[in-house]
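Novice: Contents of input-v5.cif (mmCIF, C-alpha atoms) are given next:
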```
data_structure
#
loop_
_atom_site.label_atom_id
_atom_site.label_comp_id
_atom_site.auth_asym_id
_atom_site.auth_seq_id
_atom_site.Cartn_x
_atom_site.Cartn_y
_atom_site.Cartn_z
CA MET J 1096 -12.91 14.82 29.14
CA PRO J 1097 -10.38 14.47 26.35
CA ASP J 1098 -6.89 13.33 27.32
CA TYR J 1099 -4.39 15.34 25.32
CA GLN J 1100 -1.35 13.48 26.57
CA ILE J 1101 -2.02 10.69 24.11
CA SER J 1102 -1.35 11.55 20.48
CA ASP J 1103 -4.01 11.30 17.80
CA GLU J 1104 -2.10 8.51 16.09
CA GLU J 1105 -1.91 6.51 19.34
CA LEU J 1106 -5.64 6.95 19.90
CA MET J 1107 -6.33 5.81 16.35
CA ALA J 1108 -4.14 2.74 16.84
CA ARG J 1109 -6.09 1.84 19.97
CA PHE J 1110 -9.36 2.36 18.15
CA GLN J 1111 -8.21 0.07 15.34
CA GLU J 1112 -7.64 -2.59 17.99
CA GLY J 1113 -11.22 -2.15 19.18
CA ASP J 1114 -11.05 0.51 21.88
CA ILE J 1115 -14.24 2.54 21.46
CA GLN J 1116 -13.20 5.01 24.18
CA ALA J 1117 -10.26 6.00 21.98
CA TYR J 1118 -12.73 6.79 19.21
CA ASN J 1119 -14.79 8.93 21.59
CA GLN J 1120 -11.63 10.83 22.54
CA ILE J 1121 -10.95 11.55 18.89
CA VAL J 1122 -14.50 12.82 18.41
CA TYR J 1123 -14.21 15.15 21.42
CA ARG J 1124 -10.90 16.52 20.18
CA TYR J 1125 -11.96 17.29 16.65
CA LYS J 1126 -15.71 17.85 16.51
CA GLU J 1127 -15.51 21.64 16.93
CA LYS J 1128 -12.62 22.05 14.51
CA ILE J 1129 -14.24 19.95 11.82
CA LEU J 1130 -17.59 21.67 12.33
CA ASN J 1131 -16.05 25.11 11.90
CA PHE J 1132 -14.10 23.99 8.86
CA VAL J 1133 -17.18 22.55 7.18
CA TYR J 1134 -19.38 25.45 8.23
CA ARG J 1135 -17.07 27.96 6.53
CA PHE J 1136 -17.42 25.82 3.44
CA LEU J 1137 -21.19 25.39 3.42
CA ASN J 1138 -22.35 28.43 5.38
CA ASP J 1139 -25.16 26.35 6.91
CA ILE J 1140 -24.95 25.16 10.50
CA GLU J 1141 -27.32 22.20 10.21
CA ARG J 1142 -25.74 20.80 7.09
CA ALA J 1143 -22.31 21.42 8.55
CA GLU J 1144 -23.23 19.36 11.59
CA ASP J 1145 -24.56 16.55 9.40
CA ILE J 1146 -21.36 16.53 7.38
CA THR J 1147 -19.30 16.57 10.57
CA GLN J 1148 -21.17 13.54 11.85
CA ASP J 1149 -20.73 11.82 8.47
CA THR J 1150 -17.01 12.50 8.75
CA PHE J 1151 -16.78 10.74 12.10
CA ILE J 1152 -18.95 7.89 10.86
CA LYS J 1153 -16.50 7.42 8.00
CA VAL J 1154 -13.68 7.32 10.55
CA PHE J 1155 -15.61 4.65 12.45
CA THR J 1156 -16.46 2.49 9.45
CA HIS J 1157 -13.12 2.87 7.64
CA LYS J 1158 -10.77 2.82 10.61
CA HIS J 1159 -8.50 0.30 8.93
CA SER J 1160 -7.99 2.62 5.96
CA TYR J 1161 -5.83 4.89 8.12
CA ARG J 1162 -2.09 4.21 8.07
CA GLU J 1163 0.29 5.89 10.46
CA ILE J 1164 2.50 7.13 7.63
CA ALA J 1165 0.41 10.32 7.58
CA LYS J 1166 -0.83 12.52 10.40
CA PHE J 1167 -4.29 11.61 11.62
CA SER J 1168 -5.51 15.22 11.32
CA THR J 1169 -4.49 15.26 7.64
CA TRP J 1170 -6.60 12.15 7.02
CA LEU J 1171 -9.53 13.55 8.97
CA TYR J 1172 -9.54 16.92 7.21
CA THR J 1173 -9.29 15.17 3.84
CA ILE J 1174 -12.44 13.17 4.60
CA ALA J 1175 -14.27 16.26 5.85
CA GLY J 1176 -13.15 18.35 2.86
CA ASN J 1177 -14.28 15.71 0.37
CA LEU J 1178 -17.69 15.38 2.01
CA ALA J 1179 -18.10 19.15 2.20
CA ARG J 1180 -17.19 19.58 -1.47
CA THR J 1181 -19.64 16.85 -2.49
CA GLU J 1182 -22.38 18.49 -0.47
CA LEU J 1183 -21.58 21.87 -2.01
CA ARG J 1184 -21.82 20.44 -5.51
CA LYS J 1185 -25.16 18.81 -4.70
CA SER J 1186 -26.55 22.03 -3.28
CA LYS J 1187 -25.43 24.05 -6.30
CA ARG J 1188 -27.21 21.58 -8.53
CA ARG J 1189 -30.34 21.91 -6.44
CA ASN J 1190 -30.04 25.71 -6.05
CA THR J 1191 -33.59 26.10 -4.81
CA TYR J 1192 -34.85 27.77 -1.71
CA SER J 1193 -38.18 26.73 -0.20
CA LEU J 1194 -40.31 28.59 2.29
CA SER J 1195 -40.11 25.64 4.67
CA ASP J 1196 -36.41 26.41 5.05
CA ILE J 1197 -37.23 29.61 6.91
CA LYS J 1198 -36.79 29.04 10.60
CA TYR J 1199 -39.00 30.89 13.05
CA ASP J 1200 -36.53 30.69 15.85
CA ASP J 1201 -33.37 32.40 16.90
CA LYS J 1202 -31.30 31.01 14.06
CA GLU J 1203 -30.71 33.27 11.12
CA TYR J 1204 -31.51 32.03 7.66
CA GLU J 1205 -28.40 32.52 5.58
CA ILE J 1206 -28.48 32.50 1.82
CA PRO J 1207 -25.22 30.97 0.54
CA VAL J 1208 -24.97 33.07 -2.64
CA MET J 1209 -25.78 36.75 -2.80
CA LYS J 1210 -25.99 38.78 -5.94
CA ASP J 1211 -26.00 42.26 -4.47
CA PRO J 1212 -24.10 42.13 -1.22
CA SER J 1213 -23.98 45.85 -0.62
CA MET J 1214 -27.77 45.99 -0.25
CA ASP J 1215 -28.12 42.88 1.88
CA LEU J 1216 -25.06 43.33 4.01
CA GLU J 1217 -25.32 47.00 4.84
CA LYS J 1218 -26.09 46.32 8.48
CA ASP J 1219 -23.95 43.24 8.83
CA ASN J 1220 -20.60 43.03 10.52
CA LEU J 1221 -17.23 42.25 8.95
CA GLY J 1222 -17.59 38.55 9.79
CA LYS J 1223 -20.54 38.11 7.46
CA LYS J 1224 -18.86 40.16 4.76
CA ILE J 1225 -15.83 37.93 5.03
CA GLN J 1226 -18.06 34.85 4.82
CA TRP J 1227 -19.67 36.25 1.68
CA ALA J 1228 -16.25 36.99 0.18
CA LEU J 1229 -15.09 33.46 1.04
CA ASN J 1230 -18.08 32.05 -0.81
CA GLU J 1231 -17.03 33.98 -3.89
CA LEU J 1232 -13.68 32.21 -4.06
CA PRO J 1233 -13.16 29.08 -6.19
CA PRO J 1234 -13.53 25.93 -4.03
CA ASP J 1235 -9.82 25.08 -3.98
CA PHE J 1236 -8.80 28.60 -2.93
CA LYS J 1237 -11.55 28.68 -0.33
CA THR J 1238 -10.48 25.34 1.17
CA MET J 1239 -6.89 26.47 1.49
CA ILE J 1240 -7.72 29.86 3.01
CA ILE J 1241 -10.00 28.22 5.58
CA LEU J 1242 -7.40 25.61 6.47
CA ARG J 1243 -4.60 28.17 6.75
CA ASP J 1244 -6.20 31.29 8.21
CA ILE J 1245 -9.06 29.81 10.27
CA GLN J 1246 -7.92 26.29 11.13
CA GLU J 1247 -4.26 27.45 11.31
CA LEU J 1248 -2.78 24.37 9.72
CA SER J 1249 0.73 24.40 8.27
CA TYR J 1250 1.39 24.72 4.55
CA GLU J 1251 2.76 21.16 4.51
CA ASP J 1252 -0.40 19.74 6.10
CA ILE J 1253 -2.58 21.67 3.67
CA SER J 1254 -0.53 20.38 0.76
CA ARG J 1255 -1.16 16.80 1.90
CA ILE J 1256 -4.87 17.37 2.54
CA VAL J 1257 -5.66 18.91 -0.82
CA GLY J 1258 -3.08 16.85 -2.72
CA VAL J 1259 -1.36 19.82 -4.34
CA PRO J 1260 2.36 20.80 -4.31
CA LEU J 1261 3.58 23.09 -1.55
CA GLY J 1262 4.47 25.93 -3.91
CA THR J 1263 1.00 25.83 -5.43
CA VAL J 1264 -0.57 25.95 -1.96
CA LYS J 1265 1.41 29.06 -1.03
CA SER J 1266 0.63 30.74 -4.32
CA ARG J 1267 -3.10 30.01 -4.11
CA ILE J 1268 -3.36 31.16 -0.52
CA ASN J 1269 -1.63 34.40 -1.44
CA ARG J 1270 -3.91 34.96 -4.41
CA GLY J 1271 -6.95 33.97 -2.32
CA ARG J 1272 -6.08 36.59 0.28
CA LEU J 1273 -5.61 39.24 -2.41
CA LYS J 1274 -8.96 38.31 -3.93
CA LEU J 1275 -10.65 38.58 -0.52
CA GLN J 1276 -9.07 41.97 -0.01
CA TYR J 1277 -10.27 43.12 -3.44
CA LEU J 1278 -13.83 41.85 -2.84
CA LEU J 1279 -14.09 43.51 0.56
CA THR J 1280 -12.77 46.77 -0.81
CA LYS J 1281 -15.36 46.56 -3.59
CA ILE J 1282 -18.29 46.21 -1.17
CA GLY J 1283 -16.87 48.69 1.25
CA GLY J 1284 -15.88 46.19 3.89
CA ARG J 1285 -12.55 47.88 4.21
CA MET Q 1251 10.68 45.40 -7.28
CA ASN Q 1252 7.51 46.10 -9.28
CA CYS Q 1253 3.86 45.92 -8.21
CA TYR Q 1254 3.43 42.40 -9.60
CA ASN Q 1255 6.37 41.06 -7.59
CA PHE Q 1256 5.11 42.94 -4.55
CA GLU Q 1257 1.73 41.19 -4.78
CA GLU Q 1258 3.37 37.80 -5.22
CA ASN Q 1259 5.37 38.28 -2.03
CA ILE Q 1260 2.72 39.79 0.27
CA SER Q 1261 1.96 36.57 2.18
CA ALA Q 1262 5.62 35.63 2.45
CA PHE Q 1263 6.40 39.08 3.88
CA ILE Q 1264 3.58 38.91 6.45
CA GLU Q 1265 4.66 35.39 7.51
CA SER Q 1266 8.36 36.41 7.63
CA ASN Q 1267 9.39 34.05 4.89
CA LEU Q 1268 11.35 36.50 2.72
CA SER Q 1269 15.12 36.72 2.47
CA LEU Q 1270 16.73 39.86 3.90
CA LYS Q 1271 17.42 41.30 0.45
CA LEU Q 1272 13.86 40.72 -0.80
CA ARG Q 1273 12.46 42.08 2.44
CA LYS Q 1274 14.34 45.36 1.98
CA GLU Q 1275 13.12 45.69 -1.62
CA PHE Q 1276 9.59 44.89 -0.48
CA ILE Q 1277 9.60 47.56 2.22
CA ARG Q 1278 11.10 50.12 -0.16
CA HIS Q 1279 8.36 49.47 -2.72
CA GLN Q 1280 5.70 49.62 -0.03
CA THR Q 1281 6.82 53.11 0.99
CA LEU Q 1282 6.95 54.28 -2.62
CA CYS Q 1283 3.70 52.76 -3.94
CA ARG Q 1284 0.53 53.85 -2.15
CA ASP Q 1285 -1.74 51.26 -3.78
CA CYS Q 1286 0.59 48.41 -2.84
CA GLY Q 1287 0.82 49.73 0.69
CA MET Q 1288 -2.98 49.72 0.99
CA LYS Q 1289 -3.09 46.23 -0.46
CA LEU Q 1290 -0.68 45.00 2.19
CA ASN Q 1291 -2.72 46.59 4.99
CA GLY Q 1292 -5.90 45.05 3.56
CA VAL Q 1293 -4.42 41.56 3.49
CA VAL Q 1294 -3.13 41.88 7.06
CA GLU Q 1295 -6.58 42.91 8.26
CA ILE Q 1296 -8.24 40.04 6.46
CA MET Q 1297 -5.85 37.54 7.97
CA ASN Q 1298 -6.54 38.95 11.46
CA SER Q 1299 -10.29 38.89 10.84
CA LEU Q 1300 -10.20 35.28 9.67
CA LYS Q 1301 -8.18 34.30 12.72
CA ASN Q 1302 -10.73 35.98 15.02
CA VAL Q 1303 -13.82 34.82 13.16
CA GLU Q 1304 -16.53 33.64 15.51
CA ALA Q 1305 -16.30 29.93 16.12
CA ILE Q 1306 -19.44 27.85 16.28
CA SER Q 1307 -20.05 24.92 18.60
CA THR Q 1308 -21.72 21.59 18.06
CA SER Q 1309 -25.28 21.20 19.27
CA ALA Q 1310 -26.06 19.51 22.58
CA ASP Q 1311 -27.33 16.41 20.73
CA PHE Q 1312 -24.29 16.02 18.54
CA ILE Q 1313 -22.67 13.09 20.39
CA LYS Q 1314 -26.02 11.39 21.01
CA ASN Q 1315 -27.00 11.65 17.32
CA LEU Q 1316 -23.60 10.40 16.26
CA HIS Q 1317 -23.86 7.33 18.50
CA GLN Q 1318 -27.37 6.65 17.22
CA LYS Q 1319 -26.08 6.67 13.65
CA ILE Q 1320 -23.22 4.36 14.61
CA ASP Q 1321 -25.62 1.96 16.38
CA LYS Q 1322 -27.80 1.95 13.31
CA TYR Q 1323 -24.78 1.16 11.16
CA ASN Q 1324 -23.70 -1.65 13.51
CA SER Q 1325 -27.15 -3.23 13.65
CA ARG Q 1326 -27.55 -3.60 9.92
CA LYS Q 1327 -26.15 -6.74 8.33
CA GLU Q 1328 -23.13 -6.00 6.20
CA PRO Q 1329 -23.24 -7.14 2.63
CA PHE Q 1330 -21.20 -10.27 2.07
CA PHE Q 1331 -18.68 -8.47 -0.08
CA THR Q 1332 -18.10 -5.81 2.59
CA ARG Q 1333 -17.61 -8.51 5.24
CA LEU Q 1334 -15.21 -10.25 2.92
CA LEU Q 1335 -13.23 -7.03 2.48
CA ASN Q 1336 -13.09 -6.49 6.25
CA PHE Q 1337 -12.08 -10.07 6.97
CA GLN Q 1338 -8.47 -10.28 8.08
CA PRO Q 1339 -7.13 -13.83 7.77
CA PHE Q 1340 -3.79 -14.42 9.56
CA GLY Q 1341 -3.61 -10.76 10.42
CA LEU Q 1342 -3.29 -9.73 6.78
CA THR Q 1343 -5.25 -6.76 5.51
CA PRO Q 1344 -8.05 -7.69 3.11
CA VAL Q 1345 -6.20 -6.39 0.08
CA SER Q 1346 -3.03 -8.32 0.97
CA ALA Q 1347 -5.03 -11.46 1.68
CA LEU Q 1348 -6.88 -11.22 -1.64
CA GLY Q 1349 -3.63 -10.60 -3.46
CA PHE Q 1350 -2.03 -13.63 -1.85
CA LEU Q 1351 -5.05 -15.76 -2.67
CA ALA Q 1352 -5.06 -14.59 -6.30
CA ALA Q 1353 -1.34 -15.32 -6.69
CA PHE Q 1354 -1.75 -18.76 -5.13
CA THR Q 1355 -4.70 -19.54 -7.44
CA VAL Q 1356 -2.77 -18.47 -10.54
CA LEU Q 1357 0.24 -20.60 -9.55
CA THR Q 1358 -1.93 -23.63 -8.88
CA ILE Q 1359 -3.82 -23.39 -12.17
CA SER Q 1360 -0.59 -22.79 -14.13
CA SER Q 1361 1.01 -25.85 -12.56
CA VAL Q 1362 -1.98 -28.03 -13.35
CA LEU Q 1363 -2.08 -26.84 -16.96
CA LEU Q 1364 1.65 -27.34 -17.47
CA PHE Q 1365 1.71 -30.90 -16.21
CA GLN Q 1366 -1.64 -31.90 -17.63
CA ASN Q 1367 -1.82 -34.99 -19.89
CA ASP Q 1368 -2.27 -33.79 -23.47
CA ASN Q 1369 -3.48 -37.15 -24.79
CA ILE Q 1370 -0.19 -38.11 -26.44
CA PRO Q 1371 0.23 -41.84 -25.78
CA GLN Q 1372 2.97 -42.76 -23.35
CA LEU Q 1373 6.03 -44.22 -25.02
CA SER Q 1374 6.70 -47.62 -23.50
CA VAL Q 1375 10.34 -48.54 -24.03
CA SER Q 1376 9.83 -52.24 -23.54
CA GLU Q 1377 6.96 -52.33 -26.02
CA PHE Q 1378 8.93 -50.34 -28.58
CA SER Q 1379 12.04 -52.47 -28.32
CA GLN Q 1380 9.94 -55.61 -28.88
CA ASN Q 1381 7.97 -54.20 -31.84
CA PRO Q 1382 9.87 -51.32 -33.38
CA THR Q 1383 7.81 -51.48 -36.63
CA LEU Q 1384 4.72 -50.41 -34.73
CA HIS Q 1385 6.12 -46.92 -34.68
CA GLU Q 1386 6.94 -46.84 -38.42
CA PHE Q 1387 10.68 -46.61 -38.00
CA ASP Q 1388 11.23 -49.66 -40.19
CA SER Q 1389 13.98 -47.99 -42.18
CA GLN Q 1390 15.54 -46.31 -39.23
CA PRO Q 1391 17.50 -47.57 -36.30
CA PRO Q 1392 15.31 -48.00 -33.19
CA LEU Q 1393 14.88 -44.91 -31.02
CA MET Q 1394 16.97 -44.93 -27.93
CA VAL Q 1395 15.69 -43.41 -24.74
CA ASN Q 1396 19.04 -42.59 -23.31
CA SER Q 1397 21.30 -39.65 -24.01
CA THR Q 1398 22.38 -41.01 -27.41
CA LEU Q 1399 18.83 -40.49 -28.70
CA MET Q 1400 19.41 -37.09 -30.29
CA PRO Q 1401 22.46 -37.95 -32.42
CA ALA Q 1402 20.77 -41.16 -33.61
CA LEU Q 1403 17.60 -39.27 -34.43
CA LYS Q 1404 19.55 -36.63 -36.28
CA ASP Q 1405 21.39 -39.27 -38.19
CA SER Q 1406 18.17 -41.00 -39.23
CA LEU Q 1407 16.57 -37.75 -40.24
CA MET Q 1408 19.55 -36.82 -42.35
CA LYS Q 1409 19.49 -40.18 -44.01
CA ASP Q 1410 15.81 -39.69 -44.76
CA SER Q 1411 16.35 -36.32 -46.35
CA LEU Q 1412 19.34 -37.56 -48.34
CA ARG Q 1413 17.35 -40.54 -49.50
CA GLU Q 1414 14.54 -38.29 -50.67
CA ALA Q 1415 16.96 -36.02 -52.47
CA SER Q 1416 18.63 -39.01 -54.05
CA ASP Q 1417 15.28 -40.42 -55.18
CA ARG Q 1418 14.34 -37.12 -56.74
CA TYR Q 1419 17.67 -36.93 -58.53
CA ASP Q 1420 17.21 -40.48 -59.87
CA ASP Q 1421 13.77 -39.58 -61.17
CA GLN Q 1422 15.13 -36.57 -62.99
CA ILE Q 1423 17.96 -38.57 -64.55
CA LEU Q 1424 15.43 -41.17 -65.69
CA MET Q 1425 13.28 -38.47 -67.28
CA VAL Q 1426 16.25 -36.94 -69.08
CA ASN Q 1427 17.40 -40.32 -70.35
CA GLN Q 1428 13.94 -41.14 -71.62
CA LYS Q 1429 13.75 -37.84 -73.44
CA GLY Q 1430 17.16 -38.43 -74.89
CA LYS Q 1431 16.17 -41.86 -76.21
CA THR Q 1432 13.01 -40.56 -77.82
CA GLY Q 1433 14.26 -37.14 -79.00
CA THR Q 1434 17.75 -37.64 -80.42
CA LYS Q 1435 17.18 -40.25 -83.01
#
```
Could you express the structure from this file as C-alpha cells?

Specialist:
Amino acid sequence: MPDYQISDEELMARFQEGDIQAYNQIVYRYKEKILNFVYRFLNDIERAEDITQDTFIKVFTHKHSYREIAKFSTWLYTIAGNLARTELRKSKRRNTYSLSDIKYDDKEYEIPVMKDPSMDLEKDNLGKKIQWALNELPPDFKTMIILRDIQELSYEDISRIVGVPLGTVKSRINRGRLKLQYLLTKIGGR
Amino acid sequence: MNCYNFEENISAFIESNLSLKLRKEFIRHQTLCRDCGMKLNGVVEIMNSLKNVEAISTSADFIKNLHQKIDKYNSRKEPFFTRLLNFQPFGLTPVSALGFLAAFTVLTISSVLLFQNDNIPQLSVSEFSQNPTLHEFDSQPPLMVNSTLMPALKDSLMKDSLREASDRYDDQILMVNQKGKTGTK
C-alpha cells in the first residue's frame, strides 16, 4: 500500500540511493494518474498503458536526471507528455487501421479521428463527445486542458511541464475551453 | 466590456480570478448579451464534464509487466559509453566528472606545450665568456646574463644601426665625389 506521509521528492531521493521499494511506491501513487493523462491524449487504452509503463521505465533508468529543484510530478508528467506526443505523431504518420485491430471482446474499438461525428456519435454519451472534441484540439491546447481540467494541476505546474509562460498557459486553456464548447454545440452535444 | 473581452475573461471569471471591477462589468455584459451568457454556461458545463470524466484503471498485469521490462533492462549489458556516463567517481555526477577531467587534460597539455624544448640551443654562460666570437658578437661587447643585459644589448644594436647608416652615408659621399671629379672638368 502506498505511504502518503512521505513526499514524492523524498521517495525519489531514496530511490536514487538504491531503495527499490521507494520506486514501487512512486509507481503505485502515479500509475492511474499517468494512465488517464496519456489515455486522454491517445484515446487507446492499450497504447496508453504501454506509454505509462515506458514512462516509469524512463524514471527507473534516468533516476539521476531528476533534481529536487523541481517538483517530481512536474518531471513525471513532462516525460509522459513527451512520450505521448511522440506516439501520437507516429500514429498519425501510420494512419492505417487493420482488421486485426478489431477486438472480439468487451473492449470497444475506438477510432481516434472521426470525420462525421454526428452520425457515429448519435447514441454515445457526453463523455465520448468530449473525447472527440478533445482530439480536435491542437496538441498543445489538448495537453493543457487535460492537465488542468482532468488532472487538476495548477497553472504554474502546467507552465513548467509544457515549458510555456504562465500567461500563455492561461490564455490557451481559455481558448481551448471555448473551442470545446463551440465543437460540442456544433455536434449537438450541448 | 465587449464580447471579445468577455470571451477572454471567461476562465478567469469561473475560477474567481477577476478583480471586483472587472467582475461587475463581466456580469453586466453576461446579463445583456444572450450569446455570451450561453457561452459562459457552455464552458462551465464542459469544465464539470471534464472533471467528472470516467477514469480508467491499469490492468491487473500492469505492475508485473513493468517489473518484467525492468528485469529485461537490468539483465542486458550496458554499452560502455552508457556505463561511463553513469559512473560517478568521487561522488561527482558524470557530467561534472567529465568536465573536470577535460579541464585537467587541457591544463596538462597546455603546460607541457608551454615549457616544451623548442630546439633552441641552451646558452652556456661559461662557454660564451670563454669564446665570445662563437656567437658572432665580435664587434659588440659580450652579452651579459644579468640585469644589465638589456641596456648593453640596446647600446650594441644602436651602434650597429648607426654604423650601417654611417657606412651608407660614406658610400653616397664617395659616389658624389667621383661624379664630381669626372663631370665637372

Novice: Could you build a table of the residues in chain Q lying no more than 8 Å from chain J, giving for each the nearest pair of atoms and their separation in Å rounded to one decimal place, using only C-alpha atoms, ordered by chain and ascending residue number, as JSON lines?

Specialist:
```
{"residue": "Q:Glu1257", "atom": "CA", "partner": "J:Leu1273", "partner_atom": "CA", "distance": 8.0}
{"residue": "Q:Glu1258", "atom": "CA", "partner": "J:Asn1269", "partner_atom": "CA", "distance": 7.1}
{"residue": "Q:Ile1260", "atom": "CA", "partner": "J:Asn1269", "partner_atom": "CA", "distance": 7.1}
{"residue": "Q:Ser1261", "atom": "CA", "partner": "J:Asn1269", "partner_atom": "CA", "distance": 5.5}
{"residue": "Q:Lys1289", "atom": "CA", "partner": "J:Gln1276", "partner_atom": "CA", "distance": 7.4}
{"residue": "Q:Gly1292", "atom": "CA", "partner": "J:Gln1276", "partner_atom": "CA", "distance": 5.7}
{"residue": "Q:Val1293", "atom": "CA", "partner": "J:Gln1276", "partner_atom": "CA", "distance": 5.8}
{"residue": "Q:Ile1296", "atom": "CA", "partner": "J:Gln1276", "partner_atom": "CA", "distance": 6.8}
{"residue": "Q:Met1297", "atom": "CA", "partner": "J:Asp1244", "partner_atom": "CA", "distance": 6.3}
{"residue": "Q:Ser1299", "atom": "CA", "partner": "J:Gly1222", "partner_atom": "CA", "distance": 7.4}
{"residue": "Q:Leu1300", "atom": "CA", "partner": "J:Ile1245", "partner_atom": "CA", "distance": 5.6}
{"residue": "Q:Lys1301", "atom": "CA", "partner": "J:Ile1245", "partner_atom": "CA", "distance": 5.2}
{"residue": "Q:Asn1302", "atom": "CA", "partner": "J:Ile1245", "partner_atom": "CA", "distance": 8.0}
{"residue": "Q:Val1303", "atom": "CA", "partner": "J:Gly1222", "partner_atom": "CA", "distance": 6.3}
{"residue": "Q:Glu1304", "atom": "CA", "partner": "J:Gly1222", "partner_atom": "CA", "distance": 7.6}
{"residue": "Q:Ala1305", "atom": "CA", "partner": "J:Asn1131", "partner_atom": "CA", "distance": 6.4}
{"residue": "Q:Ile1306", "atom": "CA", "partner": "J:Asn1131", "partner_atom": "CA", "distance": 6.2}
{"residue": "Q:Ser1307", "atom": "CA", "partner": "J:Glu1127", "partner_atom": "CA", "distance": 5.8}
{"residue": "Q:Thr1308", "atom": "CA", "partner": "J:Glu1127", "partner_atom": "CA", "distance": 6.3}
{"residue": "Q:Phe1312", "atom": "CA", "partner": "J:Glu1144", "partner_atom": "CA", "distance": 7.8}
{"residue": "Q:Leu1316", "atom": "CA", "partner": "J:Gln1148", "partner_atom": "CA", "distance": 5.9}
{"residue": "Q:Lys1319", "atom": "CA", "partner": "J:Ile1152", "partner_atom": "CA", "distance": 7.8}
{"residue": "Q:Ile1320", "atom": "CA", "partner": "J:Ile1152", "partner_atom": "CA", "distance": 6.7}
```

Novice: For the PyMOL selection byres ((chain J and resi 1176-1188) around 7), applied here, can you spell out every residue it catches as a list of chain:residue names?

Specialist: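 Selected by the PyMOL selection byres ((chain J and resi 1176-1188) around 7) here: J:Val1133, J:Phe1136, J:Leu1137, J:Ile1146, J:Tyr1172, J:Thr1173, J:Ile1174, J:Ala1175, J:Arg1189, J:Asn1190.
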
Novice: Which distance in Å separates CA of Asn1138 in chain J and CA of Lys1314 in chain Q, to one decimal?

Specialist: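 Interatomic distance here is 23.4 Å.
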
Novice: Do you have the CA of Gln1100 in chain J-CA of Tyr1250 in chain J distance handy?

Specialist: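 CA of Gln1100 in chain J sits 24.9 Å away from CA of Tyr1250 in chain J.
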
Novice: Quick one: distance from CA of His1279 in chain Q to CA of Phe1263 in chain Q in Å, one decimal?

Specialist: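 If I compute the distance from CA of His1279 in chain Q to CA of Phe1263 in chain Q, I get 12.5 Å.
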